[in-house]
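Student: Mind looking over this structure? Questions follow.
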Amino acid sequence: MFSKFKNGEKVIVYKGIGKKNGRFYYEKKGIVICRDPHFKDYNIKFDDGTDDWFDEEYIRKSNEEVKKNGNKKH
């Protein structure tokens with residue numbers, strides 16, 4: 001099945017509550033660890049070493065990844 005974010009990709013959790021810690025995250029940078037094929041959510045590892053699970057709707061590609069790939073959003 002298609003996965004919007006690949007493992008190891010830099011992302012930003014825009015606005016969302018983590019499923020593991022129940023904490024609210026706002027514009028927090030992290031890296032995708034993996035995607036759960038059953039629940040279709042992503043495990044994100046943050047710069048401070050913590051990780052949490054999020055639905056796809058709360059995650060966006062970071063500006064660094066967009067510039068590197070040459071994709072431009074209008």
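Each chain of the structure tokens is named A, B, ... in the order shown, its residues numbered from 1; ligands are numbered from 1 in display order.
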Please report, as a PDB file with N, CA, C and O atoms, in the first residue's frame, each residue of chain A to which DSSP assigns strand (DSSP E) when run on this structure's backbone.
Tutor:
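Just written: selection.pdb:
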ATOM      1  N   LYS A  10      12.583  13.466   6.842  1.00  0.00           N
ATOM      2  CA  LYS A  10      12.390  14.547   7.812  1.00  0.00           C
ATOM      3  C   LYS A  10      10.999  15.142   7.625  1.00  0.00           C
ATOM      4  O   LYS A  10      10.603  15.460   6.504  1.00  0.00           O
ATOM      5  N   VAL A  11      10.267  15.259   8.730  1.00  0.00           N
ATOM      6  CA  VAL A  11       8.905  15.772   8.688  1.00  0.00           C
ATOM      7  C   VAL A  11       8.681  16.759   9.829  1.00  0.00           C
ATOM      8  O   VAL A  11       9.524  16.899  10.727  1.00  0.00           O
ATOM      9  N   ILE A  12       7.528  17.424   9.781  1.00  0.00           N
ATOM     10  CA  ILE A  12       7.108  18.311  10.857  1.00  0.00           C
ATOM     11  C   ILE A  12       5.729  17.867  11.301  1.00  0.00           C
ATOM     12  O   ILE A  12       4.832  17.677  10.471  1.00  0.00           O
ATOM     13  N   VAL A  13       5.559  17.668  12.604  1.00  0.00           N
ATOM     14  CA  VAL A  13       4.235  17.411  13.152  1.00  0.00           C
ATOM     15  C   VAL A  13       3.599  18.776  13.320  1.00  0.00           C
ATOM     16  O   VAL A  13       3.992  19.556  14.179  1.00  0.00           O
ATOM     17  N   TYR A  14       2.640  19.090  12.448  1.00  0.00           N
ATOM     18  CA  TYR A  14       2.086  20.435  12.396  1.00  0.00           C
ATOM     19  C   TYR A  14       1.232  20.740  13.623  1.00  0.00           C
ATOM     20  O   TYR A  14       1.549  21.610  14.406  1.00  0.00           O
ATOM     21  N   LYS A  15       0.147  20.054  13.796  1.00  0.00           N
ATOM     22  CA  LYS A  15      -0.705  20.174  14.984  1.00  0.00           C
ATOM     23  C   LYS A  15      -1.289  18.801  15.235  1.00  0.00           C
ATOM     24  O   LYS A  15      -1.942  18.243  14.360  1.00  0.00           O
ATOM     25  N   GLY A  16      -1.055  18.269  16.413  1.00  0.00           N
ATOM     26  CA  GLY A  16      -1.625  16.956  16.687  1.00  0.00           C
ATOM     27  C   GLY A  16      -1.277  16.441  18.061  1.00  0.00           C
ATOM     28  O   GLY A  16      -0.324  16.879  18.689  1.00  0.00           O
ATOM     29  N   ILE A  17      -2.090  15.496  18.508  1.00  0.00           N
ATOM     30  CA  ILE A  17      -1.883  14.852  19.800  1.00  0.00           C
ATOM     31  C   ILE A  17      -1.306  13.473  19.541  1.00  0.00           C
ATOM     32  O   ILE A  17      -1.857  12.688  18.759  1.00  0.00           O
ATOM     33  N   PHE A  24       0.326  17.222  23.241  1.00  0.00           N
ATOM     34  CA  PHE A  24       0.043  18.046  22.065  1.00  0.00           C
ATOM     35  C   PHE A  24       1.354  18.540  21.472  1.00  0.00           C
ATOM     36  O   PHE A  24       2.211  19.063  22.167  1.00  0.00           O
ATOM     37  N   TYR A  25       1.511  18.369  20.164  1.00  0.00           N
ATOM     38  CA  TYR A  25       2.709  18.802  19.454  1.00  0.00           C
ATOM     39  C   TYR A  25       2.318  19.866  18.439  1.00  0.00           C
ATOM     40  O   TYR A  25       1.316  19.732  17.738  1.00  0.00           O
ATOM     41  N   TYR A  26       3.123  20.916  18.332  1.00  0.00           N
ATOM     42  CA  TYR A  26       2.879  22.001  17.383  1.00  0.00           C
ATOM     43  C   TYR A  26       4.187  22.360  16.695  1.00  0.00           C
ATOM     44  O   TYR A  26       5.148  22.768  17.355  1.00  0.00           O
ATOM     45  N   GLU A  27       4.229  22.157  15.396  1.00  0.00           N
ATOM     46  CA  GLU A  27       5.398  22.455  14.561  1.00  0.00           C
ATOM     47  C   GLU A  27       6.694  21.905  15.146  1.00  0.00           C
ATOM     48  O   GLU A  27       7.682  22.610  15.317  1.00  0.00           O
ATOM     49  N   LYS A  28       6.692  20.613  15.419  1.00  0.00           N
ATOM     50  CA  LYS A  28       7.851  19.940  16.000  1.00  0.00           C
ATOM     51  C   LYS A  28       8.508  19.077  14.920  1.00  0.00           C
ATOM     52  O   LYS A  28       7.846  18.289  14.249  1.00  0.00           O
ATOM     53  N   LYS A  29       9.822  19.243  14.742  1.00  0.00           N
ATOM     54  CA  LYS A  29      10.570  18.514  13.714  1.00  0.00           C
ATOM     55  C   LYS A  29      10.916  17.112  14.201  1.00  0.00           C
ATOM     56  O   LYS A  29      11.229  16.908  15.372  1.00  0.00           O
ATOM     57  N   GLY A  30      10.878  16.177  13.260  1.00  0.00           N
ATOM     58  CA  GLY A  30      11.224  14.805  13.586  1.00  0.00           C
ATOM     59  C   GLY A  30      11.534  14.004  12.333  1.00  0.00           C
ATOM     60  O   GLY A  30      11.536  14.520  11.220  1.00  0.00           O
ATOM     61  N   ILE A  31      11.786  12.713  12.538  1.00  0.00           N
ATOM     62  CA  ILE A  31      12.114  11.794  11.453  1.00  0.00           C
ATOM     63  C   ILE A  31      11.173  10.597  11.551  1.00  0.00           C
ATOM     64  O   ILE A  31      10.916  10.076  12.636  1.00  0.00           O
ATOM     65  N   VAL A  32      10.683  10.138  10.403  1.00  0.00           N
ATOM     66  CA  VAL A  32       9.786   8.984  10.361  1.00  0.00           C
ATOM     67  C   VAL A  32      10.589   7.719  10.653  1.00  0.00           C
ATOM     68  O   VAL A  32      11.584   7.434   9.984  1.00  0.00           O
ATOM     69  N   ILE A  33      10.164   6.974  11.666  1.00  0.00           N
ATOM     70  CA  ILE A  33      10.807   5.697  11.995  1.00  0.00           C
ATOM     71  C   ILE A  33      10.157   4.586  11.169  1.00  0.00           C
ATOM     72  O   ILE A  33      10.830   3.812  10.514  1.00  0.00           O
ATOM     73  N   CYS A  34       8.824   4.507  11.224  1.00  0.00           N
ATOM     74  CA  CYS A  34       8.108   3.482  10.477  1.00  0.00           C
ATOM     75  C   CYS A  34       6.627   3.834  10.390  1.00  0.00           C
ATOM     76  O   CYS A  34       6.162   4.765  11.036  1.00  0.00           O
ATOM     77  N   ARG A  35       5.903   3.046   9.593  1.00  0.00           N
ATOM     78  CA  ARG A  35       4.462   3.206   9.450  1.00  0.00           C
ATOM     79  C   ARG A  35       3.800   1.901   9.824  1.00  0.00           C
ATOM     80  O   ARG A  35       4.221   0.830   9.393  1.00  0.00           O
ATOM     81  N   ASP A  41      -0.780   4.644  10.873  1.00  0.00           N
ATOM     82  CA  ASP A  41      -0.199   5.820  11.507  1.00  0.00           C
ATOM     83  C   ASP A  41       1.318   5.701  11.484  1.00  0.00           C
ATOM     84  O   ASP A  41       1.868   4.665  11.142  1.00  0.00           O
ATOM     85  N   TYR A  42       1.980   6.802  11.800  1.00  0.00           N
ATOM     86  CA  TYR A  42       3.434   6.895  11.678  1.00  0.00           C
ATOM     87  C   TYR A  42       4.092   7.082  13.034  1.00  0.00           C
ATOM     88  O   TYR A  42       3.588   7.847  13.870  1.00  0.00           O
ATOM     89  N   ASN A  43       5.224   6.424  13.236  1.00  0.00           N
ATOM     90  CA  ASN A  43       6.033   6.607  14.431  1.00  0.00           C
ATOM     91  C   ASN A  43       7.098   7.640  14.094  1.00  0.00           C
ATOM     92  O   ASN A  43       7.903   7.439  13.191  1.00  0.00           O
ATOM     93  N   ILE A  44       7.081   8.760  14.823  1.00  0.00           N
ATOM     94  CA  ILE A  44       7.997   9.866  14.568  1.00  0.00           C
ATOM     95  C   ILE A  44       8.962   9.992  15.743  1.00  0.00           C
ATOM     96  O   ILE A  44       8.546  10.010  16.900  1.00  0.00           O
ATOM     97  N   LYS A  45      10.270  10.094  15.429  1.00  0.00           N
ATOM     98  CA  LYS A  45      11.288  10.321  16.453  1.00  0.00           C
ATOM     99  C   LYS A  45      11.699  11.787  16.382  1.00  0.00           C
ATOM    100  O   LYS A  45      12.065  12.287  15.324  1.00  0.00           O
ATOM    101  N   PHE A  46      11.640  12.465  17.532  1.00  0.00           N
ATOM    102  CA  PHE A  46      11.951  13.893  17.593  1.00  0.00           C
ATOM    103  C   PHE A  46      13.412  14.123  17.953  1.00  0.00           C
ATOM    104  O   PHE A  46      14.117  13.204  18.378  1.00  0.00           O
ATOM    105  N   ASP A  51       9.752   9.634  21.017  1.00  0.00           N
ATOM    106  CA  ASP A  51       9.016   9.250  19.818  1.00  0.00           C
ATOM    107  C   ASP A  51       7.538   9.119  20.163  1.00  0.00           C
ATOM    108  O   ASP A  51       7.169   8.948  21.320  1.00  0.00           O
ATOM    109  N   ASP A  52       6.684   9.231  19.142  1.00  0.00           N
ATOM    110  CA  ASP A  52       5.244   9.135  19.332  1.00  0.00           C
ATOM    111  C   ASP A  52       4.594   8.746  18.015  1.00  0.00           C
ATOM    112  O   ASP A  52       5.214   8.849  16.956  1.00  0.00           O
ATOM    113  N   TRP A  53       3.347   8.288  18.079  1.00  0.00           N
ATOM    114  CA  TRP A  53       2.589   7.859  16.906  1.00  0.00           C
ATOM    115  C   TRP A  53       1.596   8.936  16.507  1.00  0.00           C
ATOM    116  O   TRP A  53       0.924   9.528  17.358  1.00  0.00           O
ATOM    117  N   PHE A  54       1.475   9.181  15.183  1.00  0.00           N
ATOM    118  CA  PHE A  54       0.576  10.209  14.661  1.00  0.00           C
ATOM    119  C   PHE A  54      -0.130   9.707  13.411  1.00  0.00           C
ATOM    120  O   PHE A  54       0.435   8.941  12.635  1.00  0.00           O
ATOM    121  N   ASP A  55      -1.355  10.206  13.201  1.00  0.00           N
ATOM    122  CA  ASP A  55      -2.055   9.969  11.947  1.00  0.00           C
ATOM    123  C   ASP A  55      -1.425  10.834  10.862  1.00  0.00           C
ATOM    124  O   ASP A  55      -0.815  11.870  11.138  1.00  0.00           O
ATOM    125  N   ILE A  59       0.919  15.298   9.927  1.00  0.00           N
ATOM    126  CA  ILE A  59       2.319  15.321   9.511  1.00  0.00           C
ATOM    127  C   ILE A  59       2.452  16.037   8.171  1.00  0.00           C
ATOM    128  O   ILE A  59       1.645  15.854   7.277  1.00  0.00           O
ATOM    129  N   ARG A  60       3.506  16.839   8.060  1.00  0.00           N
ATOM    130  CA  ARG A  60       3.824  17.524   6.801  1.00  0.00           C
ATOM    131  C   ARG A  60       5.298  17.314   6.498  1.00  0.00           C
ATOM    132  O   ARG A  60       6.105  17.125   7.403  1.00  0.00           O
ATOM    133  N   LYS A  61       5.657  17.397   5.208  1.00  0.00           N
ATOM    134  CA  LYS A  61       7.064  17.317   4.837  1.00  0.00           C
ATOM    135  C   LYS A  61       7.760  18.589   5.293  1.00  0.00           C
ATOM    136  O   LYS A  61       7.192  19.670   5.231  1.00  0.00           O
TER     137      LYS A  61
END
Student: If you measure from atom CA of A:Ser62 to atom CA of A:Asn21, what distance in Å do you get, rounded to one decimal?
Tutor: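 So the two atoms, atom CA of A:Ser62 and atom CA of A:Asn21, lie 22.6 Å apart.
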Student: Run DSSP on the backbone and give me the residues of stretch 15-69 of chain A it puts in helix (DSSP H, G or I), as a list in words.
Tutor: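 Assigned to helix (DSSP H, G or I), within stretch 15-69 of chain A: Glu56, Glu57, Tyr58, Asn63, Glu64, Glu65, Val66, Lys67, Lys68 and Asn69 of chain A.
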Student: Mind dumping the selected residues with C-alpha atoms as a JSON list (two decimals), in the first residue's frame?
Tutor:
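Okay, this is what ended up in selection_16.json:
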[["chain", "number", "residue", "atom", "x", "y", "z"],
["A", 56, "GLU", "CA", -1.03, 11.13, 8.47],
["A", 57, "GLU", "CA", -3.21, 14.26, 8.71],
["A", 58, "TYR", "CA", -0.95, 15.78, 11.42],
["A", 63, "ASN", "CA", 10.96, 22.53, 4.05],
["A", 64, "GLU", "CA", 14.40, 20.91, 3.86],
["A", 65, "GLU", "CA", 12.96, 17.82, 2.16],
["A", 66, "VAL", "CA", 10.87, 19.88, -0.25],
["A", 67, "LYS", "CA", 13.89, 21.96, -1.34],
["A", 68, "LYS", "CA", 16.09, 18.89, -1.70],
["A", 69, "ASN", "CA", 13.59, 17.10, -3.96]]
Student: Any idea what the distance is between atom CA of A:Lys6 and atom CA of A:Gly18?
Tutor: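 For atom CA of A:Lys6 relative to atom CA of A:Gly18, the distance reads 19.1 Å.
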